[in-house]
Structure formats: structure tokens, C-alpha cells
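*Asks:* For reference, this is model18.txt, and it has compact mmCIF, C-alpha atoms.
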# COMPACT_ATOMS: atom_id res chain seq x y z
CA MET A 25 23.69 28.49 46.70
CA PHE A 26 20.88 29.22 44.25
CA TRP A 27 22.69 27.54 41.41
CA LEU A 28 22.89 24.14 43.12
CA PRO A 29 19.33 22.97 42.17
CA VAL A 30 19.95 24.12 38.58
CA VAL A 31 23.16 22.08 38.50
CA GLY A 32 21.16 19.14 39.88
CA LEU A 33 18.61 19.49 37.10
CA VAL A 34 21.34 19.54 34.46
CA VAL A 35 23.02 16.50 36.04
CA GLY A 36 19.70 14.63 36.05
CA VAL A 37 19.00 15.42 32.40
CA ALA A 38 22.54 14.43 31.40
CA LEU A 39 22.21 11.19 33.35
CA GLY A 40 19.01 10.33 31.52
CA LEU A 41 20.45 11.14 28.09
CA VAL A 42 23.82 9.48 28.55
CA THR A 43 22.77 6.25 30.24
CA ASN A 44 20.85 3.77 28.18
CA ILE A 45 17.82 3.46 30.45
CA THR A 46 14.53 3.08 28.62
CA VAL A 47 11.06 2.99 30.05
CA PRO A 48 8.76 0.28 28.67
CA VAL A 49 6.23 1.74 26.23
CA ALA A 50 3.37 0.55 28.44
CA LEU A 51 4.67 2.70 31.28
CA SER A 52 5.40 5.84 29.27
CA SER A 53 2.04 7.42 30.11
CA TYR A 54 2.72 6.95 33.83
CA LEU A 55 6.12 8.57 33.38
CA SER A 56 4.60 11.71 31.88
CA ILE A 57 2.10 11.95 34.74
CA ALA A 58 4.92 11.47 37.24
CA ILE A 59 6.92 14.25 35.56
CA LEU A 60 3.95 16.59 35.88
CA ALA A 61 3.59 15.75 39.57
CA ALA A 62 7.29 16.23 40.19
CA LEU A 63 7.32 19.58 38.40
CA ASP A 64 4.36 20.70 40.50
CA THR A 65 6.09 19.70 43.72
CA VAL A 66 9.31 21.52 42.82
CA LEU A 67 7.41 24.72 42.03
CA GLY A 68 5.45 24.24 45.26
CA GLY A 69 8.73 24.01 47.17
CA ILE A 70 10.05 27.22 45.62
CA ARG A 71 6.79 28.93 46.47
CA ALA A 72 6.94 27.73 50.07
CA SER A 73 10.50 29.00 50.42
CA LEU A 74 9.40 32.44 49.20
CA GLU A 75 6.52 32.39 51.68
CA LYS A 76 8.97 31.30 54.39
CA SER A 77 6.92 28.19 55.16
CA PHE A 78 9.33 25.66 53.67
CA ASP A 79 9.65 22.32 55.43
CA GLY A 80 12.27 19.92 54.10
CA ALA A 81 10.52 16.73 55.25
CA VAL A 82 7.15 17.82 53.86
CA PHE A 83 8.78 18.80 50.59
CA LEU A 84 10.70 15.56 50.07
CA THR A 85 7.86 13.24 51.05
CA GLY A 86 5.48 15.36 48.96
CA PHE A 87 7.69 14.94 45.93
CA PHE A 88 7.81 11.18 46.06
CA THR A 89 4.23 10.53 47.20
CA ASN A 90 2.76 12.94 44.63
CA THR A 91 4.74 11.29 41.87
CA LEU A 92 3.79 7.78 42.91
CA VAL A 93 0.15 8.61 43.59
CA ALA A 94 -0.17 10.27 40.18
CA ALA A 95 1.24 7.19 38.47
CA LEU A 96 -0.99 4.95 40.59
CA LEU A 97 -4.05 7.01 39.68
CA ALA A 98 -3.23 6.67 35.98
CA TYR A 99 -2.77 2.92 36.46
CA ILE A 100 -6.11 2.50 38.23
CA GLY A 101 -7.78 4.54 35.52
CA ASN A 102 -6.26 2.26 32.90
CA GLN A 103 -7.56 -0.81 34.68
CA LEU A 104 -11.06 0.65 35.01
CA GLY A 105 -11.16 2.00 31.48
CA VAL A 106 -11.65 5.54 32.79
CA ASP A 107 -9.25 8.24 31.65
CA LEU A 108 -8.40 9.00 35.26
CA TYR A 109 -5.00 10.37 34.24
CA LEU A 110 -6.86 13.35 32.80
CA ALA A 111 -7.92 14.20 36.36
CA ALA A 112 -4.26 14.20 37.39
CA VAL A 113 -3.30 16.32 34.37
CA VAL A 114 -5.99 18.89 35.14
CA ALA A 115 -5.30 18.97 38.89
CA PHE A 116 -1.54 19.30 38.50
CA GLY A 117 -1.93 21.74 35.64
CA VAL A 118 -4.09 24.07 37.75
CA ARG A 119 -1.71 23.79 40.72
CA LEU A 120 1.24 24.44 38.41
CA PHE A 121 -0.26 27.73 37.29
CA ASN A 122 -1.24 28.68 40.85
CA ASN A 123 2.29 28.00 42.06
CA ILE A 124 3.83 30.00 39.24
CA ALA A 125 1.49 32.91 39.99
CA SER A 126 2.39 32.77 43.70
CA ILE A 127 6.11 32.65 42.91
CA ARG A 128 5.74 35.69 40.67
CA ARG A 129 3.86 37.58 43.40
CA GLY A 130 6.38 36.49 46.02
CA VAL A 131 9.31 37.71 43.94
CA PHE A 132 7.61 41.07 43.39
CA LEU A 133 6.95 41.45 47.10
CA LEU A 134 10.55 40.59 47.86
CA LEU A 135 11.89 43.14 45.39
CA ARG A 136 9.52 45.82 46.64
CA GLN A 137 10.49 45.08 50.24
CA ARG A 138 14.17 45.49 49.40
CA LYS A 139 13.51 48.77 47.60
CA LEU A 140 11.50 50.02 50.58
CA ASN A 141 14.27 49.00 52.98
CA ARG A 142 16.87 50.80 50.84
CA GLU A 143 14.72 53.96 50.74
CA ASN A 144 14.20 53.77 54.50
CA ALA A 145 17.91 53.35 55.01
CA ALA A 146 18.62 56.30 52.72
CA GLY A 147 15.99 58.43 54.55
CA ARG A 148 17.49 57.61 57.91
CA ALA A 149 20.93 58.49 56.62
CA GLN A 150 19.66 61.89 55.47
CA LEU A 151 18.20 62.70 58.84
CA MET B 10 24.83 18.61 62.87
CA ILE B 11 22.05 21.11 62.54
CA LEU B 12 21.50 22.56 59.10
CA ASN B 13 19.85 25.90 58.76
CA THR B 14 16.66 26.21 56.72
CA ARG B 15 18.44 27.76 53.78
CA THR B 16 20.88 24.85 53.38
CA LYS B 17 18.12 22.31 53.85
CA LEU B 18 16.06 24.03 51.18
CA THR B 19 18.93 24.05 48.72
CA LEU B 20 19.88 20.43 49.35
CA SER B 21 16.38 19.02 49.06
CA LEU B 22 15.68 21.13 45.97
CA THR B 23 18.89 19.82 44.43
CA ALA B 24 18.04 16.19 45.19
CA VAL B 25 14.57 16.60 43.77
CA SER B 26 15.92 18.45 40.72
CA VAL B 27 18.21 15.53 39.86
CA VAL B 28 15.27 13.12 39.92
CA LEU B 29 13.06 15.51 37.97
CA GLY B 30 15.75 16.06 35.34
CA LEU B 31 16.24 12.31 35.00
CA MET B 32 12.53 11.72 34.50
CA VAL B 33 12.20 14.58 32.02
CA SER B 34 15.06 13.31 29.88
CA LEU B 35 13.70 9.75 30.00
CA GLY B 36 10.30 11.00 28.95
CA TYR B 37 11.83 13.04 26.17
CA ARG B 38 13.76 10.06 24.84
CA GLN B 39 10.66 7.89 25.08
CA THR B 40 8.62 10.34 23.01
CA GLU B 41 11.39 10.62 20.45
CA LEU B 42 11.68 6.85 20.22
CA SER B 43 7.98 6.24 19.72
CA ALA B 44 7.83 9.03 17.14
CA ARG B 45 10.61 7.31 15.24
CA LEU B 46 8.84 3.96 15.45
CA GLY B 47 5.60 5.55 14.38
CA SER B 48 3.78 3.48 16.99
CA LEU B 49 1.86 6.48 18.28
CA THR B 50 1.40 8.44 15.08
CA GLY B 51 0.95 5.65 12.55
CA SER B 52 2.82 7.79 10.06
CA LEU B 53 2.40 7.64 6.32
CA ALA B 54 5.87 6.19 5.80
CA VAL B 55 5.12 3.24 8.06
CA ASN B 56 1.84 2.57 6.30
CA LYS B 57 3.62 2.62 2.96
CA GLN B 58 6.22 0.22 4.24
CA LEU B 59 3.56 -2.18 5.48
CA THR B 60 1.69 -2.00 2.18
CA GLN B 61 4.87 -2.82 0.30
CA LYS B 62 5.53 -5.72 2.62
CA LEU B 63 2.00 -7.02 2.09
CA SER B 64 2.21 -6.85 -1.69
CA SER B 65 5.61 -8.57 -1.72
CA LEU B 66 4.19 -11.32 0.49
CA GLN B 67 1.25 -11.71 -1.85
CA ALA B 68 3.61 -12.01 -4.82
CA ALA B 69 5.68 -14.62 -2.96
CA ASN B 70 2.48 -16.51 -2.16
CA GLN B 71 1.49 -16.56 -5.81
CA ASP B 72 4.93 -17.83 -6.82
CA ALA B 73 4.75 -20.58 -4.23
CA GLU B 74 1.31 -21.66 -5.46
CA GLN B 75 2.54 -21.88 -9.05
CA GLN B 76 5.51 -23.91 -7.88
CA LEU B 77 3.22 -26.24 -5.97
CA ALA B 78 1.04 -26.73 -9.05
CA SER B 79 4.02 -27.61 -11.24
CA VAL B 80 5.45 -29.97 -8.61
CA THR B 81 2.08 -31.74 -8.30
CA ALA B 82 1.88 -32.07 -12.09
CA SER B 83 5.33 -33.66 -12.33
CA LEU B 84 4.52 -35.93 -9.39
CA ASN B 85 1.46 -37.21 -11.25
CA LYS B 86 3.59 -37.82 -14.32
CA TYR B 87 6.17 -39.81 -12.36
CA GLU B 88 3.45 -41.87 -10.76
CA ALA B 89 1.98 -42.72 -14.15
CA GLN B 90 5.46 -43.73 -15.37
CA SER B 91 6.23 -45.83 -12.30
CA ALA B 92 3.03 -47.83 -12.74
CA GLY B 93 4.67 -49.34 -15.80
CA SER B 94 2.84 -52.30 -17.30
CA SER B 95 1.34 -53.80 -14.15
CA ASP B 96 -2.46 -53.82 -14.48
CA GLU B 97 -3.04 -53.78 -10.74
CA LEU B 98 -0.83 -50.73 -10.29
CA LYS B 99 -2.55 -48.98 -13.17
CA GLN B 100 -5.92 -49.63 -11.60
CA LEU B 101 -4.73 -48.23 -8.30
CA GLN B 102 -3.34 -45.25 -10.16
CA THR B 103 -6.69 -44.48 -11.76
CA LYS B 104 -8.41 -44.82 -8.41
CA ILE B 105 -5.97 -42.42 -6.78
CA GLN B 106 -6.45 -39.97 -9.62
CA ASP B 107 -10.23 -40.13 -9.19
CA GLU B 108 -9.94 -39.58 -5.46
CA ARG B 109 -7.67 -36.62 -6.05
CA ILE B 110 -10.14 -35.03 -8.45
CA LEU B 111 -12.94 -35.43 -5.91
CA ALA B 112 -10.74 -34.17 -3.09
CA GLY B 113 -9.81 -31.17 -5.21
CA THR B 114 -6.05 -31.54 -4.82
CA THR B 115 -5.32 -31.84 -8.52
CA PRO B 116 -6.14 -29.62 -11.49
CA VAL B 117 -9.01 -31.01 -13.49
CA HIS B 118 -10.71 -30.36 -16.80
CA GLY B 119 -13.81 -31.71 -18.42
CA PRO B 120 -17.34 -30.90 -19.59
CA GLY B 121 -19.66 -28.94 -17.36
CA VAL B 122 -21.73 -25.80 -16.92
CA VAL B 123 -21.00 -22.16 -16.14
CA VAL B 124 -23.40 -19.78 -14.43
CA THR B 125 -22.82 -16.18 -13.37
CA LEU B 126 -24.49 -14.40 -10.46
CA ASN B 127 -24.35 -10.63 -10.20
CA ASP B 128 -25.78 -7.93 -7.94
CA ALA B 129 -29.01 -6.31 -8.99
CA GLY B 130 -28.62 -3.23 -11.13
CA THR B 131 -29.89 0.15 -9.97
CA THR B 132 -33.53 -0.81 -10.35
CA GLY B 133 -34.65 0.62 -7.04
CA ILE B 134 -34.80 -2.76 -5.34
CA ASP B 135 -34.12 -3.07 -1.63
CA ILE B 136 -30.33 -2.80 -1.29
CA ALA B 137 -29.93 -5.79 1.02
CA SER B 138 -31.75 -8.20 -1.26
CA GLY B 139 -30.08 -6.79 -4.39
CA ILE B 140 -26.64 -7.94 -3.22
CA THR B 141 -25.30 -11.38 -4.02
CA HIS B 142 -24.90 -12.87 -0.56
CA ASP B 143 -22.76 -15.75 0.56
CA TRP B 144 -25.82 -17.97 0.98
CA ASN B 145 -26.89 -17.25 -2.59
CA VAL B 146 -23.56 -18.51 -3.89
CA ARG B 147 -23.65 -21.41 -1.43
CA SER B 148 -27.10 -22.55 -2.53
CA VAL B 149 -25.99 -22.65 -6.19
CA VAL B 150 -22.90 -24.67 -5.23
CA ASN B 151 -25.03 -27.06 -3.16
CA GLU B 152 -27.45 -27.50 -6.05
CA LEU B 153 -24.58 -28.34 -8.41
CA PHE B 154 -23.08 -30.91 -6.02
CA THR B 155 -26.53 -32.41 -5.45
CA ALA B 156 -26.93 -32.80 -9.20
CA GLY B 157 -23.67 -34.73 -9.38
CA ALA B 158 -20.97 -32.16 -10.01
CA GLU B 159 -17.48 -33.55 -9.46
CA ALA B 160 -15.61 -30.30 -9.14
CA VAL B 161 -16.79 -26.73 -8.57
CA THR B 162 -14.98 -23.41 -8.65
CA ILE B 163 -16.20 -19.96 -7.64
CA ASN B 164 -14.34 -17.23 -9.53
CA GLY B 165 -11.56 -19.74 -10.09
CA VAL B 166 -11.31 -20.85 -6.43
CA ARG B 167 -11.79 -24.57 -6.03
CA VAL B 168 -14.49 -25.71 -3.61
CA ILE B 169 -13.53 -28.81 -1.62
CA ALA B 170 -14.95 -30.74 1.32
CA THR B 171 -13.60 -28.29 3.91
CA SER B 172 -14.29 -25.11 1.92
CA ALA B 173 -16.57 -22.59 3.55
CA VAL B 174 -18.45 -19.95 1.59
CA ASN B 175 -19.03 -17.14 4.01
CA CYS B 176 -19.78 -13.48 4.23
CA GLN B 177 -17.10 -10.92 5.02
CA GLY B 178 -18.44 -7.40 4.82
CA PRO B 179 -19.12 -6.54 1.21
CA THR B 180 -17.25 -9.60 -0.08
CA VAL B 181 -17.62 -13.36 0.01
CA THR B 182 -14.70 -15.52 1.12
CA VAL B 183 -13.99 -18.99 -0.19
CA ASN B 184 -10.96 -20.87 1.22
CA GLY B 185 -9.99 -17.63 2.94
CA ARG B 186 -9.89 -15.68 -0.33
CA GLN B 187 -12.03 -12.62 -0.78
CA LEU B 188 -14.22 -12.68 -3.87
CA ALA B 189 -16.59 -10.04 -5.14
CA ALA B 190 -19.54 -10.03 -7.52
CA PRO B 191 -19.96 -11.09 -10.27
CA PHE B 192 -19.56 -14.69 -9.13
CA GLU B 193 -18.83 -17.16 -11.90
CA VAL B 194 -19.64 -20.66 -10.68
CA ASP B 195 -18.13 -23.45 -12.82
CA ALA B 196 -19.00 -27.10 -12.33
CA ILE B 197 -17.59 -30.20 -14.00
CA GLY B 198 -20.03 -33.03 -14.45
CA ASP B 199 -22.70 -34.15 -16.89
CA PRO B 200 -23.66 -30.85 -18.59
CA THR B 201 -27.26 -31.77 -19.35
CA THR B 202 -28.01 -32.96 -15.82
CA LEU B 203 -26.33 -29.97 -14.21
CA LYS B 204 -28.07 -27.54 -16.53
CA LYS B 205 -31.46 -29.11 -15.92
CA ALA B 206 -30.95 -29.03 -12.17
CA LEU B 207 -30.19 -25.34 -12.27
CA MET B 208 -32.95 -24.42 -14.68
CA LEU B 209 -35.68 -26.32 -12.83
CA SER B 210 -38.68 -24.03 -12.87
CA GLY B 211 -39.12 -22.61 -9.37
CA GLY B 212 -35.60 -23.87 -8.68
CA ILE B 213 -32.60 -22.10 -7.25
CA LEU B 214 -31.88 -19.73 -10.15
CA ASP B 215 -35.52 -18.67 -10.32
CA ALA B 216 -35.44 -17.94 -6.61
CA LEU B 217 -32.34 -15.79 -7.04
CA ARG B 218 -33.93 -13.93 -9.96
CA GLN B 219 -36.98 -13.34 -7.77
CA GLN B 220 -34.66 -11.77 -5.22
CA GLY B 221 -33.54 -9.34 -7.92
CA LEU B 222 -30.11 -10.73 -8.78
CA GLN B 223 -28.86 -10.83 -12.34
CA VAL B 224 -28.43 -14.54 -13.07
CA SER B 225 -27.14 -15.74 -16.42
CA THR B 226 -28.61 -18.74 -18.22
CA PRO B 227 -26.37 -21.73 -17.43
CA GLN B 228 -24.02 -22.45 -20.32
CA ALA B 229 -22.93 -25.98 -21.12
CA LYS B 230 -19.19 -26.14 -21.88
CA SER B 231 -17.36 -29.01 -23.48
CA ASP B 232 -14.11 -28.39 -21.59
CA ILE B 233 -13.66 -26.39 -18.38
CA GLN B 234 -10.20 -25.99 -16.86
CA MET B 235 -10.00 -25.89 -13.06
CA PRO B 236 -7.00 -25.27 -10.81
CA ALA B 237 -6.20 -27.45 -7.82
CA TYR B 238 -6.95 -26.46 -4.25
CA THR B 239 -3.63 -25.03 -3.11
CA SER B 240 -4.11 -24.06 0.54
CA PRO B 241 -2.77 -26.51 3.11
CA LEU B 242 -4.89 -29.57 3.80
CA ARG B 243 -5.19 -30.50 7.45
CA ALA B 244 -6.91 -33.32 9.22
CA ASP B 245 -5.88 -33.03 12.85
CA ALA B 246 -9.02 -34.20 14.60
CA GLY B 247 -10.21 -36.91 12.25
CA LYS B 248 -8.62 -40.34 12.62
Re-express the file's structure as C-alpha cells.
*Replies:*
Amino acid sequence: MFWLPVVGLVVGVALGLVTNITVPVALSSYLSIAILAALDTVLGGIRASLEKSFDGAVFLTGFFTNTLVAALLAYIGNQLGVDLYLAAVVAFGVRLFNNIASIRRGVFLLLRQRKLNRENAAGRAQL
Amino acid sequence: MILNTRTKLTLSLTAVSVVLGLMVSLGYRQTELSARLGSLTGSLAVNKQLTQKLSSLQAANQDAEQQLASVTASLNKYEAQSAGSSDELKQLQTKIQDERILAGTTPVHGPGVVVTLNDAGTTGIDIASGITHDWNVRSVVNELFTAGAEAVTINGVRVIATSAVNCQGPTVTVNGRQLAAPFEVDAIGDPTTLKKALMLSGGILDALRQQGLQVSTPQAKSDIQMPAYTSPLRADAGK
């Protein structure tokens, strides 16, 4: 089951490369912000699943609202002449690193737990 | 149907991954496209291309102006021929020719004066006053017209009724053409009158010399050649 999201990612990339969809140049900066937000949400979802606090509804709504809000923020910044998209870049960048760190820690804990369980099982078998 | 958490997790991650992958590939293609267009980088190749385009346009412009001049010359010739022997027509012809000379739409030659204005040398004068400004050139042109000049050129650019002599950074534009010092102002008219008007003591040239500019003594010439005004003539508002 773990490979299904990876397959989805590949399908998405292929879809984008094969079809002839282009984003207007004026919107390309919003697209990059949206990508950052989406990436952050996906990593957040993986982290939540490791911490056993995953909620499908929260995850899906978070993905779309984060993406849209990030693009909206960049748009408002453009209208005001403030580089507000930098705020989004910094915020999502920090969260990205936090999520990656948490995932790393979570994976370590998981591996250690399994090792401990195996040792326990082996110890009980010896007794 | 109740899905367990594991399945839900996988399904939603998959759905989100598809969207994320789509956006990533779109963004990638966008970046590639703009790099190829050079719209973001302003690459050297694009600049070179634009420069080439500009110089070819300038060459085409020059060709077109020469063509216009030759067409105007032959038109004048045909007009003179068509007048034939009729006195009235000949009179009209002369009048038209005079009007054209004054309007600046035909090449003209005749006696006149030549004066050259140049920036001050490195004599430690205040930089701003040592530069030949647009108003300096303009005041000389005004003086010449006041003294009865019929046609005036600045560095070979004909000054007509709608010509503006104005400042554009370090250069002076006349009829939309950028000119730089030294400015050679030619005027066709009565050489003695024009020369006297310029050389009036305390007059315009003295004032410019006072400012620090290098101003030549006006030279009387027996025959000055002047090109026609070649930019489009428009009179949209006037009736």
C-alpha cells in the first residue's frame, strides 16, 4: 500500500508533462507558492500518520486551503506592492524542515520500537 | 462502507500526490519555457538579437528616407515639366516651391551662415553651465529665424514649424533624433543680416560664451545644402 502515493505522484508528473496545459506567465509565481504549500501539507500528512494522529478530512482540506491561501497571499502582496509571498516562502520553508525532522525522528522511533519488540520476543522465548 | 485509517491515509495521500505531481511538472515546464524565452533572465543572446533587429530597422529607415528624397525630387521635376508654357501655372509653381522651402518639405540650397556650439573644455567651469543645453541651441535657432532665416538645420536635421528642440539626458533631440555636441547650426538667408544678428555685441553668442561654451565665429557661406524634413507631417487638430 505504501507505493500507491508514489504511483500517484508519478501519474501527476506524467499528466503535467504529456498534456499541453500551460500556466499564464503572470500566474507562475502563484504556482510556485502553491507547490510549496502542497509539498508542506503532504509532508505534514506523512508526519501525522507516523504520530498516529492522521485525520483524512483535516489532511485533504488542509491541502487545498493551504495551497489556495498561499496563492491568495502572494496575490494580495502583488496588489499591495509588498513581497508578501516571501512570508509564505519562509513560513512553509520552516514548516517543511520541521516536518522532515519529525518524520526522521518518527521513523527512528518506529525502528527502535520494532527492534525492542523483537528482543523482548526473543527474551521471552529463551525463558 | 467503513474504511480503516490505513486505507484512508493511503487514498488521500495518493489523491494529493497526483495533484502535487501535476503542479510540480507544470511549474517545471513553466520555468523551462521562460528560461528559453529569456523573459526572466534577459540573456545575452536575446539582447544581441534585439540589437541586430534595431540596427536592421535603422538601416531600413535610412533606405526609406533616401527613397522618399528621390521620389520628392522627381515629383518636383514632373511638376515643373507639367507647368509647360502657361504663365499662370508657372507662377503657381514658384509659389508652391517657396511654400515648400519654408515648410521644410523640400531640400534647399542657398547662401547663409554656419555657427558651431560646443561644450566648454576642461577649464574648471561649473559642469552644468559648461554643457550645451537644448535651450542654448534653441535660442540660436530663434535668433536666426528672427533675423530672417528661411531654413535652418541643426547637425543636418531640418528645423520646421513643428520641430521641437528638447533635452534628453546628455543629448538634444530635434524631430525625435538624438544629437550631441558639437552642434553645427546652418541657416539659409541673407548672410550679412544673419551674421550681424548673431554677432550683435551682448547678443546671443556673447551670452553663450559668457556661459563658458565654445562658440565659433559665424561663417558666411555662398551655398549651403540642406536636406528636406523627412519625418511624417501631420495636422490632425488644425482645420
*Asks:* Given the point (-11.8, -19.1, -0.1) in the file's coordinates, find the residues that have an atom at most 12 Å from it, counting all atoms listed in the file, and give them as a PyMOL selection string.
*Replies:* chain B and resi 143+162-169+171-177+180-189+238-240
*Asks:* Define the interface residues of chain A facing chain B as those within 8 Å, counting all atoms listed in the file, and report them as a PDB file with C-alpha atoms, in the frame of the given file.
*Replies:*
ATOM      1  CA  MET A  25      23.690  28.490  46.700  1.00  0.00           C
ATOM      2  CA  PHE A  26      20.880  29.220  44.250  1.00  0.00           C
ATOM      3  CA  LEU A  28      22.890  24.140  43.120  1.00  0.00           C
ATOM      4  CA  PRO A  29      19.330  22.970  42.170  1.00  0.00           C
ATOM      5  CA  VAL A  30      19.950  24.120  38.580  1.00  0.00           C
ATOM      6  CA  VAL A  31      23.160  22.080  38.500  1.00  0.00           C
ATOM      7  CA  GLY A  32      21.160  19.140  39.880  1.00  0.00           C
ATOM      8  CA  LEU A  33      18.610  19.490  37.100  1.00  0.00           C
ATOM      9  CA  VAL A  34      21.340  19.540  34.460  1.00  0.00           C
ATOM     10  CA  VAL A  35      23.020  16.500  36.040  1.00  0.00           C
ATOM     11  CA  GLY A  36      19.700  14.630  36.050  1.00  0.00           C
ATOM     12  CA  VAL A  37      19.000  15.420  32.400  1.00  0.00           C
ATOM     13  CA  ALA A  38      22.540  14.430  31.400  1.00  0.00           C
ATOM     14  CA  LEU A  39      22.210  11.190  33.350  1.00  0.00           C
ATOM     15  CA  GLY A  40      19.010  10.330  31.520  1.00  0.00           C
ATOM     16  CA  LEU A  41      20.450  11.140  28.090  1.00  0.00           C
ATOM     17  CA  ILE A  45      17.820   3.460  30.450  1.00  0.00           C
ATOM     18  CA  THR A  46      14.530   3.080  28.620  1.00  0.00           C
ATOM     19  CA  VAL A  47      11.060   2.990  30.050  1.00  0.00           C
ATOM     20  CA  VAL A  49       6.230   1.740  26.230  1.00  0.00           C
ATOM     21  CA  SER A  52       5.400   5.840  29.270  1.00  0.00           C
ATOM     22  CA  LEU A  55       6.120   8.570  33.380  1.00  0.00           C
ATOM     23  CA  SER A  56       4.600  11.710  31.880  1.00  0.00           C
ATOM     24  CA  ILE A  59       6.920  14.250  35.560  1.00  0.00           C
ATOM     25  CA  ALA A  62       7.290  16.230  40.190  1.00  0.00           C
ATOM     26  CA  LEU A  63       7.320  19.580  38.400  1.00  0.00           C
ATOM     27  CA  VAL A  66       9.310  21.520  42.820  1.00  0.00           C
ATOM     28  CA  GLY A  69       8.730  24.010  47.170  1.00  0.00           C
ATOM     29  CA  SER A  73      10.500  29.000  50.420  1.00  0.00           C
ATOM     30  CA  PHE A  78       9.330  25.660  53.670  1.00  0.00           C
ATOM     31  CA  ASP A  79       9.650  22.320  55.430  1.00  0.00           C
ATOM     32  CA  GLY A  80      12.270  19.920  54.100  1.00  0.00           C
ATOM     33  CA  PHE A  83       8.780  18.800  50.590  1.00  0.00           C
ATOM     34  CA  LEU A  84      10.700  15.560  50.070  1.00  0.00           C
ATOM     35  CA  PHE A  87       7.690  14.940  45.930  1.00  0.00           C
TER      36      PHE A  87
END
*Asks:* Which is closer to A:Arg128 than all the others in A:Leu74, A:Trp27, A:Ala58, A:Leu140, using all atoms listed in the file?
*Replies:*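 The answer is A:Leu74, which sits nearest to A:Arg128.
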*Asks:* Atom CA of B:Phe154 to atom CA of B:Ala196: how many Å, to one decimal?
*Replies:* 8.4 Å
*Asks:* Quick one: residues within 12 Å of B:Pro191, all atoms listed in the file, excluding same-chain residues fewer than 6 positions away - as an MDAnalysis selection string?
*Replies:* chainID B and resid 124:130 140:142 146 163:164 180:181 222:225
*Asks:* Please indicate the distance in Å from atom CA of B:Asn145 to atom CA of B:Leu111, rounded to one decimal place.
*Replies:* 23.2 Å
*Asks:* Quick one: of B:Leu66, B:Ala190, B:Ser83, B:Ser148, who's nearest to B:Ala216, counting all atoms listed in the file?
*Replies:*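 Once distances to B:Ala216 are computed over all atoms listed in the file, the minimum belongs to B:Ser148.
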*Asks:* Report as a PyMOL selection string all protein, DNA and RNA residues lying within 7 Å of A:Leu97, evaluated on only C-alpha atoms, omitting residues in the same chain fewer than 3 positions from it.
*Replies:* chain A and resi 93-94+100-101+108-109
*Asks:* So that I can see what lies close to A:Ile124, please list as a list in words the residues with an atom at most 8 Å from it, counting only C-alpha atoms and leaving out residues fewer than 4 positions away in the same chain.
*Replies:*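 Those residues are Leu67, Arg71, Leu120 and Arg128 of chain A.
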*Asks:* Any idea what the distance is between atom CA of B:Gly221 and atom CA of B:Met208?
*Replies:*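 Result for atom CA of B:Gly221 versus atom CA of B:Met208: 16.5 Å, one decimal.
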*Asks:* Specify the axis-aligned box that encloses all atoms of stretch 49-67 of chain A listed in the file after padding of 3 Å on each side, stating its centre and edge lengths in Å to one decimal as JSON.
*Replies:*
{"center_x": 5.7, "center_y": 12.6, "center_z": 35.0, "size_x": 13.3, "size_y": 30.2, "size_z": 23.5}
